[in-house]
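First the structure, in the form of structure tokens, and then the observations on it.
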Amino acid sequence: MSKNILELTNVTKNFPGVKALDNANFKLKKGSIHALLGENGAGKSTMIKIITGVYKQDFGSLIIDDNKQSFSSPNEANKSGISVVHQERNLIRRFSVGNNLPKNNLGLINYDQVAEQSKKWLDIMELDIHPNTIVSELTVAKMQLCEIAKALSLESKILLLDEPTSSLSPQDTKNLFSLLKRLVKEQDVSIVFVSHKLEEVFEICDEVTVLRDGKNACVSENIKNLDRQKLVKLMIGRDEQIIKSKENKNINKENLLDLIKINTDLGHKEISLNLKKGEILGLYGLVGAGRTELIKCLLGLDRIISGKLVLNNEEIKIHSPKEALEKYKIGYISEDRKKEGLILMHDVLTNAGITVWSKLKKILSFLNNGIIYNKVDPYVKKLEVKTPSYKQLVSNLSGGNQQKISVAKWLAAGTDILFIDEPTVGIDIKTKAYLHELIINLSKSGTSIILITSDMPEMISLADRIITMKDFKVVGETMNNHNYDDMSASIMANIHE
Ligand SMILES: Nc1ncnc2c1ncn2[C@@H]1O[C@H](COP(=O)(O)OP(=O)(O)OP(=O)(O)O)[C@@H](O)[C@H]1O
Ligand SMILES: [Mg+2]
């Protein structure tokens with residue numbers, strides 16, 4: 001029996017109005033991979049932050065390698081051999097990738113060394129990025145991989161990974177997992193792994209701890225004693241709700257939005273596709289297929305070189321997302337919530353109101369919080385956003401709850417067309433089912449949706465029709481019959497043709 005390298009005993013952490021951890025326990029065995037699970041707001045990130053000295057617990061103890069520890073800063077935790085990838089990515093966006101990797105002991109940057117060291121970790125992660133690339137130019141997935149490379153470069157004995165795979169492609173995830181397994185086997189590293197993707201947990205984890213409302217639903221349970229059903233029950237306190245396949249809707253035959261032979265500055269070639277009223281059109285593709293980039297070009301964030309964009313049989317030109325919303329009632333739920341979706345220093349209500357406000361201000365000369373509240377509250381309730389009040393700062397919400405606000409405000413905004421990019425990243429399995437229901441209802445009530453998701457089951461349960469993209473081109477189109485085996489086979493055939 002290997003010993004515990006890390007132990008939390010009866011740890012409690014209070015925030016104003018919230019008990020984030022309530023007498024919680026956790027034990028990490030040396031040389032194991034341990035899943036830390038629970039719904040959005042259950043207390044996972046808070047636990048990680050207590051271990052790494054970001055927060056101090058109100059009660060309870062932290063023991064590392066048989067020594068009682070209390071780190072007063074993340075730096076101290078680092079020095080004791082703990083590295084962490086936080087859920088909110090911590091890279092400094094205007095710095096280069098290399099400069100985001102650690103400095104030497106004196107805190108000085110030796111640029112040659114930085115380039116050399118970062119190259120080593122970027123290579124191990126199979127990341128084809130030059131160390132001098134500016135971080136803000138990277139996609140969310142690449143940023144996530146750099147963040148992981150940064151944590152690995154410290155060569156720590158304990159590695160804490162808070163939703164490291166949320167934005168990664170299946171291939172990147174596979175590479176990461178083989179790397180983690182190697183670290184455990186060859187260097188006896190101990191790993192804590194947070195994820196909402198249960199398949200991943202069964203693939204790489206040895207033990208599981210589940211939190212529910214800050215309390216333990218289980219502590220260090222051997223994964224062999226659990227199956228998906230049991231795990232879900234521990235997390236949400238009841239059985240999983242399986243989303244029913246969608247019944248056929250009456251989709252209008254006429255095209256609402258037409259893309260005709262669009263070529264873009266970013267390299268899209270002759271993209272032609274159409275979206276009908278009340279339809280959910282899925283865009284499937286591997287990372288790098290150019291889906292998010294296509295949406296950005298449609299919204300005027302990058303240039304369309306040639307081709308036509310036609311709305312209601314009239315050619316239009318969109319210069320900015322603001323114009324898309326105000327003039328054409330087209331909304332955009334971005335995959336990069338931090339950069340484009342939320343204002344973290346503002347409260348929940350203000351964030352929820354940002355889009356609705358743009359729409360309503362034309363009708364009303366003034367807009368009060370009551371109106372925003374009435375519009376958004378049903379969505380916030382349905383998605384079970386965990387917040388003590390609407391006055392809470394969004395930065396104080398858990399990652400998944402921030403995501404819910406960012407999606408809820410758009411669902412409430414009442415646009416005619418909605419571009420939705422990776423809506424359920426970081427959202428727990430229970431809320432994911434509710435969110436799917438909301439998206440389906442929205443389309444039934446006439447909203448037309450272009451949905452980008454890398455989650456194949458999500459695509460197959462939501463989309464009416466699926467367009468497959470590869471290398472910035474459309475390579476296939478299939479009506480969705482909602483049969484998983486059929487659909488995933490035909491989509492993958494398009495990709496590999
Ligand atoms: N700095 C803070 N101030 C106030 N409340 C906070 C703060 N940090 C976390 N909380 C609250 O503590 C609870 C637990 O949050 P935590 O981030 O640990 O959840 P989580 O399990 O990581 O959820 P997710 O899956 O959404 O990331 C939440 O209700 C959250 O709003
Ligand atoms: Mg979290």
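For the structure tokens, the naming scheme is as follows: chains receive sequential letters (A, B, ...) according to their order of presentation, residues are indexed from 1 within each chain, and ligands are indexed from 1 in presentation order.
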
Residue list (strand (DSSP E), DSSP) for range 170-409 of chain A, as a ChimeraX atom specification: /A:190-194,207-212,215-222,255-264,271-276,280-284,304-311,314-315,330-333

Residues within 6 Å of range 182-198 of chain A, only C-alpha atoms, excluding chain neighbours under 3 positions, as a count of residues only: 17

Within 6 Å of Leu6 in chain A using only C-alpha atoms, minus same-chain residues under 3 positions, as an MDAnalysis selection string: chainID A and resid 27:28 63:64

Contacts to ligand 1 at 7 Å cut-off (only C-alpha atoms and all ligand atoms) as a ChimeraX atom specification: /A:15-16,18-20,38-47,386-387,396-401,426-428

Pick from A:Asp172, A:Glu323, A:Glu335, A:Glu88, whichever lies nearest to ligand 2 using only C-alpha atoms and all ligand atoms: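 Once distances to ligand 2 are computed over only C-alpha atoms and all ligand atoms, the minimum belongs to A:Glu88.
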
Once DSSP has gone over the backbone, tell me which residues of range 280-490 of chain A are in alpha helix (DSSP H), as a PDB file with N, CA and C atoms, in the first residue's frame.
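Saved to selection-v6.pdb:
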```
ATOM      1  N   ARG A 291     -13.646  26.400 -38.054  1.00  0.00           N
ATOM      2  CA  ARG A 291     -15.053  26.685 -37.744  1.00  0.00           C
ATOM      3  C   ARG A 291     -15.215  28.006 -36.999  1.00  0.00           C
ATOM      4  N   THR A 292     -14.516  28.141 -35.863  1.00  0.00           N
ATOM      5  CA  THR A 292     -14.584  29.392 -35.102  1.00  0.00           C
ATOM      6  C   THR A 292     -14.136  30.566 -35.972  1.00  0.00           C
ATOM      7  N   GLU A 293     -13.108  30.319 -36.758  1.00  0.00           N
ATOM      8  CA  GLU A 293     -12.576  31.367 -37.627  1.00  0.00           C
ATOM      9  C   GLU A 293     -13.613  31.804 -38.658  1.00  0.00           C
ATOM     10  N   LEU A 294     -14.405  30.859 -39.151  1.00  0.00           N
ATOM     11  CA  LEU A 294     -15.447  31.195 -40.128  1.00  0.00           C
ATOM     12  C   LEU A 294     -16.474  32.136 -39.494  1.00  0.00           C
ATOM     13  N   ILE A 295     -16.898  31.785 -38.280  1.00  0.00           N
ATOM     14  CA  ILE A 295     -17.872  32.618 -37.579  1.00  0.00           C
ATOM     15  C   ILE A 295     -17.304  34.026 -37.374  1.00  0.00           C
ATOM     16  N   LYS A 296     -16.022  34.086 -37.019  1.00  0.00           N
ATOM     17  CA  LYS A 296     -15.414  35.404 -36.800  1.00  0.00           C
ATOM     18  C   LYS A 296     -15.396  36.230 -38.077  1.00  0.00           C
ATOM     19  N   CYS A 297     -15.174  35.579 -39.196  1.00  0.00           N
ATOM     20  CA  CYS A 297     -15.201  36.312 -40.470  1.00  0.00           C
ATOM     21  C   CYS A 297     -16.615  36.800 -40.769  1.00  0.00           C
ATOM     22  N   LEU A 298     -17.610  35.960 -40.494  1.00  0.00           N
ATOM     23  CA  LEU A 298     -18.994  36.368 -40.759  1.00  0.00           C
ATOM     24  C   LEU A 298     -19.361  37.589 -39.928  1.00  0.00           C
ATOM     25  N   PRO A 321     -19.384  42.494 -34.421  1.00  0.00           N
ATOM     26  CA  PRO A 321     -20.406  41.746 -33.695  1.00  0.00           C
ATOM     27  C   PRO A 321     -21.529  42.663 -33.198  1.00  0.00           C
ATOM     28  N   LYS A 322     -21.183  43.904 -32.873  1.00  0.00           N
ATOM     29  CA  LYS A 322     -22.180  44.862 -32.394  1.00  0.00           C
ATOM     30  C   LYS A 322     -23.202  45.154 -33.501  1.00  0.00           C
ATOM     31  N   GLU A 323     -22.669  45.367 -34.702  1.00  0.00           N
ATOM     32  CA  GLU A 323     -23.555  45.617 -35.837  1.00  0.00           C
ATOM     33  C   GLU A 323     -24.415  44.377 -36.125  1.00  0.00           C
ATOM     34  N   ALA A 324     -23.793  43.191 -36.015  1.00  0.00           N
ATOM     35  CA  ALA A 324     -24.528  41.943 -36.250  1.00  0.00           C
ATOM     36  C   ALA A 324     -25.732  41.869 -35.324  1.00  0.00           C
ATOM     37  N   LEU A 325     -25.525  42.229 -34.068  1.00  0.00           N
ATOM     38  CA  LEU A 325     -26.579  42.140 -33.070  1.00  0.00           C
ATOM     39  C   LEU A 325     -27.645  43.215 -33.284  1.00  0.00           C
ATOM     40  N   GLU A 326     -27.199  44.457 -33.439  1.00  0.00           N
ATOM     41  CA  GLU A 326     -28.161  45.557 -33.439  1.00  0.00           C
ATOM     42  C   GLU A 326     -28.897  45.697 -34.769  1.00  0.00           C
ATOM     43  N   LYS A 327     -28.200  45.427 -35.864  1.00  0.00           N
ATOM     44  CA  LYS A 327     -28.835  45.628 -37.162  1.00  0.00           C
ATOM     45  C   LYS A 327     -29.507  44.348 -37.669  1.00  0.00           C
ATOM     46  N   TYR A 328     -28.866  43.198 -37.416  1.00  0.00           N
ATOM     47  CA  TYR A 328     -29.390  41.963 -38.023  1.00  0.00           C
ATOM     48  C   TYR A 328     -29.900  40.942 -37.005  1.00  0.00           C
ATOM     49  N   VAL A 348     -23.342  39.737 -11.461  1.00  0.00           N
ATOM     50  CA  VAL A 348     -24.051  38.764 -12.276  1.00  0.00           C
ATOM     51  C   VAL A 348     -25.143  39.435 -13.108  1.00  0.00           C
ATOM     52  N   LEU A 349     -25.883  40.327 -12.484  1.00  0.00           N
ATOM     53  CA  LEU A 349     -27.010  40.940 -13.185  1.00  0.00           C
ATOM     54  C   LEU A 349     -26.534  41.800 -14.358  1.00  0.00           C
ATOM     55  N   THR A 350     -25.486  42.583 -14.137  1.00  0.00           N
ATOM     56  CA  THR A 350     -24.967  43.418 -15.221  1.00  0.00           C
ATOM     57  C   THR A 350     -24.513  42.544 -16.379  1.00  0.00           C
ATOM     58  N   ASN A 351     -23.796  41.469 -16.066  1.00  0.00           N
ATOM     59  CA  ASN A 351     -23.334  40.577 -17.118  1.00  0.00           C
ATOM     60  C   ASN A 351     -24.492  39.928 -17.856  1.00  0.00           C
ATOM     61  N   ALA A 352     -25.478  39.551 -17.104  1.00  0.00           N
ATOM     62  CA  ALA A 352     -26.624  38.891 -17.722  1.00  0.00           C
ATOM     63  C   ALA A 352     -27.360  39.865 -18.624  1.00  0.00           C
ATOM     64  N   GLY A 353     -27.269  41.142 -18.293  1.00  0.00           N
ATOM     65  CA  GLY A 353     -28.046  42.140 -19.011  1.00  0.00           C
ATOM     66  C   GLY A 353     -27.386  42.714 -20.247  1.00  0.00           C
ATOM     67  N   ILE A 354     -26.101  42.472 -20.423  1.00  0.00           N
ATOM     68  CA  ILE A 354     -25.380  43.191 -21.469  1.00  0.00           C
ATOM     69  C   ILE A 354     -26.024  43.066 -22.851  1.00  0.00           C
ATOM     70  N   THR A 355     -26.376  41.852 -23.241  1.00  0.00           N
ATOM     71  CA  THR A 355     -26.952  41.692 -24.577  1.00  0.00           C
ATOM     72  C   THR A 355     -28.407  42.122 -24.632  1.00  0.00           C
ATOM     73  N   VAL A 356     -29.161  41.753 -23.615  1.00  0.00           N
ATOM     74  CA  VAL A 356     -30.586  42.090 -23.594  1.00  0.00           C
ATOM     75  C   VAL A 356     -30.733  43.600 -23.649  1.00  0.00           C
ATOM     76  N   TRP A 357     -29.821  44.261 -22.954  1.00  0.00           N
ATOM     77  CA  TRP A 357     -29.837  45.704 -22.908  1.00  0.00           C
ATOM     78  C   TRP A 357     -29.732  46.307 -24.300  1.00  0.00           C
ATOM     79  N   SER A 358     -28.789  45.803 -25.100  1.00  0.00           N
ATOM     80  CA  SER A 358     -28.602  46.343 -26.452  1.00  0.00           C
ATOM     81  C   SER A 358     -29.896  46.267 -27.232  1.00  0.00           C
ATOM     82  N   LYS A 359     -30.648  45.210 -26.995  1.00  0.00           N
ATOM     83  CA  LYS A 359     -31.871  45.029 -27.766  1.00  0.00           C
ATOM     84  C   LYS A 359     -33.003  45.919 -27.240  1.00  0.00           C
ATOM     85  N   LEU A 360     -33.101  45.948 -25.924  1.00  0.00           N
ATOM     86  CA  LEU A 360     -34.256  46.628 -25.345  1.00  0.00           C
ATOM     87  C   LEU A 360     -34.136  48.143 -25.335  1.00  0.00           C
ATOM     88  N   ASN A 369     -32.920  47.422 -13.686  1.00  0.00           N
ATOM     89  CA  ASN A 369     -32.495  46.065 -13.361  1.00  0.00           C
ATOM     90  C   ASN A 369     -33.659  45.092 -13.298  1.00  0.00           C
ATOM     91  N   GLY A 370     -34.831  45.605 -12.961  1.00  0.00           N
ATOM     92  CA  GLY A 370     -36.001  44.737 -12.883  1.00  0.00           C
ATOM     93  C   GLY A 370     -36.300  44.076 -14.219  1.00  0.00           C
ATOM     94  N   ILE A 371     -36.132  44.846 -15.290  1.00  0.00           N
ATOM     95  CA  ILE A 371     -36.433  44.300 -16.617  1.00  0.00           C
ATOM     96  C   ILE A 371     -35.419  43.218 -16.981  1.00  0.00           C
ATOM     97  N   ILE A 372     -34.156  43.521 -16.747  1.00  0.00           N
ATOM     98  CA  ILE A 372     -33.118  42.524 -17.036  1.00  0.00           C
ATOM     99  C   ILE A 372     -33.389  41.269 -16.214  1.00  0.00           C
ATOM    100  N   TYR A 373     -33.693  41.490 -14.954  1.00  0.00           N
ATOM    101  CA  TYR A 373     -33.943  40.369 -14.057  1.00  0.00           C
ATOM    102  C   TYR A 373     -35.054  39.467 -14.600  1.00  0.00           C
ATOM    103  N   ASN A 374     -36.156  40.106 -14.999  1.00  0.00           N
ATOM    104  CA  ASN A 374     -37.291  39.314 -15.495  1.00  0.00           C
ATOM    105  C   ASN A 374     -36.953  38.506 -16.740  1.00  0.00           C
ATOM    106  N   LYS A 375     -36.125  39.084 -17.587  1.00  0.00           N
ATOM    107  CA  LYS A 375     -35.732  38.406 -18.824  1.00  0.00           C
ATOM    108  C   LYS A 375     -34.812  37.221 -18.548  1.00  0.00           C
ATOM    109  N   VAL A 376     -33.834  37.478 -17.691  1.00  0.00           N
ATOM    110  CA  VAL A 376     -32.752  36.505 -17.563  1.00  0.00           C
ATOM    111  C   VAL A 376     -33.013  35.468 -16.471  1.00  0.00           C
ATOM    112  N   ASP A 377     -33.790  35.862 -15.492  1.00  0.00           N
ATOM    113  CA  ASP A 377     -33.974  34.982 -14.336  1.00  0.00           C
ATOM    114  C   ASP A 377     -34.441  33.560 -14.682  1.00  0.00           C
ATOM    115  N   PRO A 378     -35.397  33.410 -15.617  1.00  0.00           N
ATOM    116  CA  PRO A 378     -35.814  32.029 -15.920  1.00  0.00           C
ATOM    117  C   PRO A 378     -34.649  31.150 -16.391  1.00  0.00           C
ATOM    118  N   TYR A 379     -33.741  31.750 -17.164  1.00  0.00           N
ATOM    119  CA  TYR A 379     -32.604  30.965 -17.665  1.00  0.00           C
ATOM    120  C   TYR A 379     -31.608  30.659 -16.544  1.00  0.00           C
ATOM    121  N   VAL A 380     -31.358  31.661 -15.720  1.00  0.00           N
ATOM    122  CA  VAL A 380     -30.433  31.487 -14.597  1.00  0.00           C
ATOM    123  C   VAL A 380     -30.957  30.393 -13.658  1.00  0.00           C
ATOM    124  N   LYS A 381     -32.278  30.375 -13.477  1.00  0.00           N
ATOM    125  CA  LYS A 381     -32.901  29.362 -12.611  1.00  0.00           C
ATOM    126  C   LYS A 381     -32.791  27.983 -13.248  1.00  0.00           C
ATOM    127  N   LYS A 382     -33.142  27.914 -14.528  1.00  0.00           N
ATOM    128  CA  LYS A 382     -33.136  26.623 -15.217  1.00  0.00           C
ATOM    129  C   LYS A 382     -31.735  26.013 -15.222  1.00  0.00           C
ATOM    130  N   GLY A 399     -16.026  28.374 -12.192  1.00  0.00           N
ATOM    131  CA  GLY A 399     -15.840  28.423 -13.645  1.00  0.00           C
ATOM    132  C   GLY A 399     -17.088  28.039 -14.415  1.00  0.00           C
ATOM    133  N   GLY A 400     -17.712  26.949 -14.024  1.00  0.00           N
ATOM    134  CA  GLY A 400     -18.892  26.471 -14.733  1.00  0.00           C
ATOM    135  C   GLY A 400     -20.062  27.426 -14.588  1.00  0.00           C
ATOM    136  N   ASN A 401     -20.167  28.074 -13.453  1.00  0.00           N
ATOM    137  CA  ASN A 401     -21.262  29.022 -13.245  1.00  0.00           C
ATOM    138  C   ASN A 401     -21.050  30.310 -14.040  1.00  0.00           C
ATOM    139  N   GLN A 402     -19.787  30.702 -14.241  1.00  0.00           N
ATOM    140  CA  GLN A 402     -19.501  31.837 -15.122  1.00  0.00           C
ATOM    141  C   GLN A 402     -19.967  31.509 -16.532  1.00  0.00           C
ATOM    142  N   GLN A 403     -19.662  30.292 -16.928  1.00  0.00           N
ATOM    143  CA  GLN A 403     -20.049  29.822 -18.259  1.00  0.00           C
ATOM    144  C   GLN A 403     -21.568  29.870 -18.445  1.00  0.00           C
ATOM    145  N   LYS A 404     -22.282  29.473 -17.387  1.00  0.00           N
ATOM    146  CA  LYS A 404     -23.743  29.467 -17.473  1.00  0.00           C
ATOM    147  C   LYS A 404     -24.290  30.875 -17.695  1.00  0.00           C
ATOM    148  N   ILE A 405     -23.707  31.874 -16.991  1.00  0.00           N
ATOM    149  CA  ILE A 405     -24.161  33.266 -17.147  1.00  0.00           C
ATOM    150  C   ILE A 405     -23.918  33.723 -18.575  1.00  0.00           C
ATOM    151  N   SER A 406     -22.731  33.369 -19.080  1.00  0.00           N
ATOM    152  CA  SER A 406     -22.373  33.828 -20.403  1.00  0.00           C
ATOM    153  C   SER A 406     -23.319  33.259 -21.469  1.00  0.00           C
ATOM    154  N   VAL A 407     -23.753  32.028 -21.263  1.00  0.00           N
ATOM    155  CA  VAL A 407     -24.684  31.417 -22.216  1.00  0.00           C
ATOM    156  C   VAL A 407     -26.114  31.925 -21.965  1.00  0.00           C
ATOM    157  N   ALA A 408     -26.500  32.043 -20.692  1.00  0.00           N
ATOM    158  CA  ALA A 408     -27.876  32.416 -20.346  1.00  0.00           C
ATOM    159  C   ALA A 408     -28.264  33.773 -20.928  1.00  0.00           C
ATOM    160  N   LYS A 409     -27.338  34.721 -20.880  1.00  0.00           N
ATOM    161  CA  LYS A 409     -27.694  36.061 -21.349  1.00  0.00           C
ATOM    162  C   LYS A 409     -28.004  36.054 -22.845  1.00  0.00           C
ATOM    163  N   TRP A 410     -27.307  35.190 -23.566  1.00  0.00           N
ATOM    164  CA  TRP A 410     -27.573  35.117 -25.003  1.00  0.00           C
ATOM    165  C   TRP A 410     -28.867  34.383 -25.310  1.00  0.00           C
ATOM    166  N   LEU A 411     -29.144  33.372 -24.542  1.00  0.00           N
ATOM    167  CA  LEU A 411     -30.394  32.651 -24.763  1.00  0.00           C
ATOM    168  C   LEU A 411     -31.575  33.579 -24.491  1.00  0.00           C
ATOM    169  N   ALA A 412     -31.375  34.479 -23.523  1.00  0.00           N
ATOM    170  CA  ALA A 412     -32.448  35.396 -23.143  1.00  0.00           C
ATOM    171  C   ALA A 412     -32.565  36.578 -24.096  1.00  0.00           C
ATOM    172  N   ILE A 429     -22.554  17.562 -15.817  1.00  0.00           N
ATOM    173  CA  ILE A 429     -23.435  16.739 -16.650  1.00  0.00           C
ATOM    174  C   ILE A 429     -24.919  17.031 -16.426  1.00  0.00           C
ATOM    175  N   LYS A 430     -25.259  17.437 -15.226  1.00  0.00           N
ATOM    176  CA  LYS A 430     -26.665  17.720 -14.967  1.00  0.00           C
ATOM    177  C   LYS A 430     -27.115  18.963 -15.738  1.00  0.00           C
ATOM    178  N   THR A 431     -26.341  20.041 -15.613  1.00  0.00           N
ATOM    179  CA  THR A 431     -26.702  21.288 -16.287  1.00  0.00           C
ATOM    180  C   THR A 431     -26.619  21.146 -17.797  1.00  0.00           C
ATOM    181  N   LYS A 432     -25.727  20.286 -18.243  1.00  0.00           N
ATOM    182  CA  LYS A 432     -25.571  20.084 -19.687  1.00  0.00           C
ATOM    183  C   LYS A 432     -26.906  19.634 -20.287  1.00  0.00           C
ATOM    184  N   ALA A 433     -27.584  18.736 -19.615  1.00  0.00           N
ATOM    185  CA  ALA A 433     -28.889  18.268 -20.104  1.00  0.00           C
ATOM    186  C   ALA A 433     -29.892  19.423 -20.141  1.00  0.00           C
ATOM    187  N   TYR A 434     -29.875  20.285 -19.105  1.00  0.00           N
ATOM    188  CA  TYR A 434     -30.797  21.434 -19.084  1.00  0.00           C
ATOM    189  C   TYR A 434     -30.482  22.401 -20.216  1.00  0.00           C
ATOM    190  N   LEU A 435     -29.188  22.616 -20.444  1.00  0.00           N
ATOM    191  CA  LEU A 435     -28.780  23.559 -21.479  1.00  0.00           C
ATOM    192  C   LEU A 435     -29.198  23.041 -22.860  1.00  0.00           C
ATOM    193  N   HIS A 436     -29.059  21.746 -23.065  1.00  0.00           N
ATOM    194  CA  HIS A 436     -29.509  21.157 -24.331  1.00  0.00           C
ATOM    195  C   HIS A 436     -31.001  21.399 -24.535  1.00  0.00           C
ATOM    196  N   GLU A 437     -31.750  21.237 -23.476  1.00  0.00           N
ATOM    197  CA  GLU A 437     -33.190  21.450 -23.548  1.00  0.00           C
ATOM    198  C   GLU A 437     -33.496  22.906 -23.936  1.00  0.00           C
ATOM    199  N   LEU A 438     -32.767  23.847 -23.320  1.00  0.00           N
ATOM    200  CA  LEU A 438     -32.991  25.264 -23.631  1.00  0.00           C
ATOM    201  C   LEU A 438     -32.674  25.568 -25.091  1.00  0.00           C
ATOM    202  N   ILE A 439     -31.592  24.989 -25.592  1.00  0.00           N
ATOM    203  CA  ILE A 439     -31.200  25.252 -26.983  1.00  0.00           C
ATOM    204  C   ILE A 439     -32.245  24.676 -27.944  1.00  0.00           C
ATOM    205  N   ILE A 440     -32.727  23.493 -27.646  1.00  0.00           N
ATOM    206  CA  ILE A 440     -33.755  22.881 -28.492  1.00  0.00           C
ATOM    207  C   ILE A 440     -35.041  23.720 -28.473  1.00  0.00           C
ATOM    208  N   ASN A 441     -35.441  24.153 -27.294  1.00  0.00           N
ATOM    209  CA  ASN A 441     -36.655  24.965 -27.189  1.00  0.00           C
ATOM    210  C   ASN A 441     -36.538  26.281 -27.948  1.00  0.00           C
ATOM    211  N   LEU A 442     -35.342  26.856 -27.879  1.00  0.00           N
ATOM    212  CA  LEU A 442     -35.102  28.112 -28.585  1.00  0.00           C
ATOM    213  C   LEU A 442     -35.293  27.910 -30.089  1.00  0.00           C
ATOM    214  N   SER A 443     -34.768  26.819 -30.605  1.00  0.00           N
ATOM    215  CA  SER A 443     -34.898  26.579 -32.045  1.00  0.00           C
ATOM    216  C   SER A 443     -36.352  26.260 -32.398  1.00  0.00           C
ATOM    217  N   LYS A 444     -37.046  25.580 -31.509  1.00  0.00           N
ATOM    218  CA  LYS A 444     -38.458  25.283 -31.772  1.00  0.00           C
ATOM    219  C   LYS A 444     -39.288  26.559 -31.827  1.00  0.00           C
ATOM    220  N   MET A 456     -19.081  15.078 -29.840  1.00  0.00           N
ATOM    221  CA  MET A 456     -19.884  14.370 -30.860  1.00  0.00           C
ATOM    222  C   MET A 456     -21.278  13.986 -30.345  1.00  0.00           C
ATOM    223  N   PRO A 457     -21.415  13.415 -29.135  1.00  0.00           N
ATOM    224  CA  PRO A 457     -22.764  13.106 -28.645  1.00  0.00           C
ATOM    225  C   PRO A 457     -23.651  14.352 -28.576  1.00  0.00           C
ATOM    226  N   GLU A 458     -23.047  15.487 -28.174  1.00  0.00           N
ATOM    227  CA  GLU A 458     -23.818  16.731 -28.112  1.00  0.00           C
ATOM    228  C   GLU A 458     -24.293  17.137 -29.506  1.00  0.00           C
ATOM    229  N   MET A 459     -23.388  17.047 -30.467  1.00  0.00           N
ATOM    230  CA  MET A 459     -23.727  17.389 -31.853  1.00  0.00           C
ATOM    231  C   MET A 459     -24.886  16.530 -32.327  1.00  0.00           C
ATOM    232  N   ILE A 460     -24.786  15.233 -32.060  1.00  0.00           N
ATOM    233  CA  ILE A 460     -25.792  14.309 -32.594  1.00  0.00           C
ATOM    234  C   ILE A 460     -27.126  14.430 -31.861  1.00  0.00           C
ATOM    235  N   SER A 461     -27.111  14.879 -30.611  1.00  0.00           N
ATOM    236  CA  SER A 461     -28.414  15.045 -29.989  1.00  0.00           C
ATOM    237  C   SER A 461     -29.048  16.393 -30.326  1.00  0.00           C
ATOM    238  N   LEU A 462     -28.260  17.398 -30.707  1.00  0.00           N
ATOM    239  CA  LEU A 462     -28.844  18.724 -30.934  1.00  0.00           C
ATOM    240  C   LEU A 462     -29.099  19.104 -32.392  1.00  0.00           C
ATOM    241  N   TYR A 484     -26.437   7.586 -32.982  1.00  0.00           N
ATOM    242  CA  TYR A 484     -25.037   7.913 -32.730  1.00  0.00           C
ATOM    243  C   TYR A 484     -24.073   7.144 -33.636  1.00  0.00           C
ATOM    244  N   ASP A 485     -24.271   5.852 -33.755  1.00  0.00           N
ATOM    245  CA  ASP A 485     -23.322   5.033 -34.517  1.00  0.00           C
ATOM    246  C   ASP A 485     -23.299   5.417 -35.992  1.00  0.00           C
ATOM    247  N   ASP A 486     -24.501   5.523 -36.572  1.00  0.00           N
ATOM    248  CA  ASP A 486     -24.620   5.966 -37.979  1.00  0.00           C
ATOM    249  C   ASP A 486     -23.911   7.282 -38.213  1.00  0.00           C
ATOM    250  N   MET A 487     -24.302   8.256 -37.373  1.00  0.00           N
ATOM    251  CA  MET A 487     -23.884   9.624 -37.627  1.00  0.00           C
ATOM    252  C   MET A 487     -22.390   9.806 -37.416  1.00  0.00           C
ATOM    253  N   SER A 488     -21.873   9.253 -36.325  1.00  0.00           N
ATOM    254  CA  SER A 488     -20.445   9.472 -36.094  1.00  0.00           C
ATOM    255  C   SER A 488     -19.638   8.780 -37.191  1.00  0.00           C
ATOM    256  N   ALA A 489     -20.115   7.632 -37.674  1.00  0.00           N
ATOM    257  CA  ALA A 489     -19.390   6.957 -38.761  1.00  0.00           C
ATOM    258  C   ALA A 489     -19.390   7.812 -40.025  1.00  0.00           C
ATOM    259  N   SER A 490     -20.554   8.404 -40.363  1.00  0.00           N
ATOM    260  CA  SER A 490     -20.567   9.140 -41.630  1.00  0.00           C
ATOM    261  C   SER A 490     -19.799  10.459 -41.509  1.00  0.00           C
TER     262      SER A 490
END
```

Distance query Thr139 in chain A at most 10 Å, only C-alpha atoms, self and fewer than 3 positions along chain excluded, as a list of chain:residue names: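 Skipping anything fewer than 3 positions along the chain leaves A:Val135, A:Ser136, A:Lys142, A:Met143, A:Gln144, A:Leu145, A:Ser167, A:Val287, A:Gly288, A:Thr292, A:Glu335, A:Asp336.
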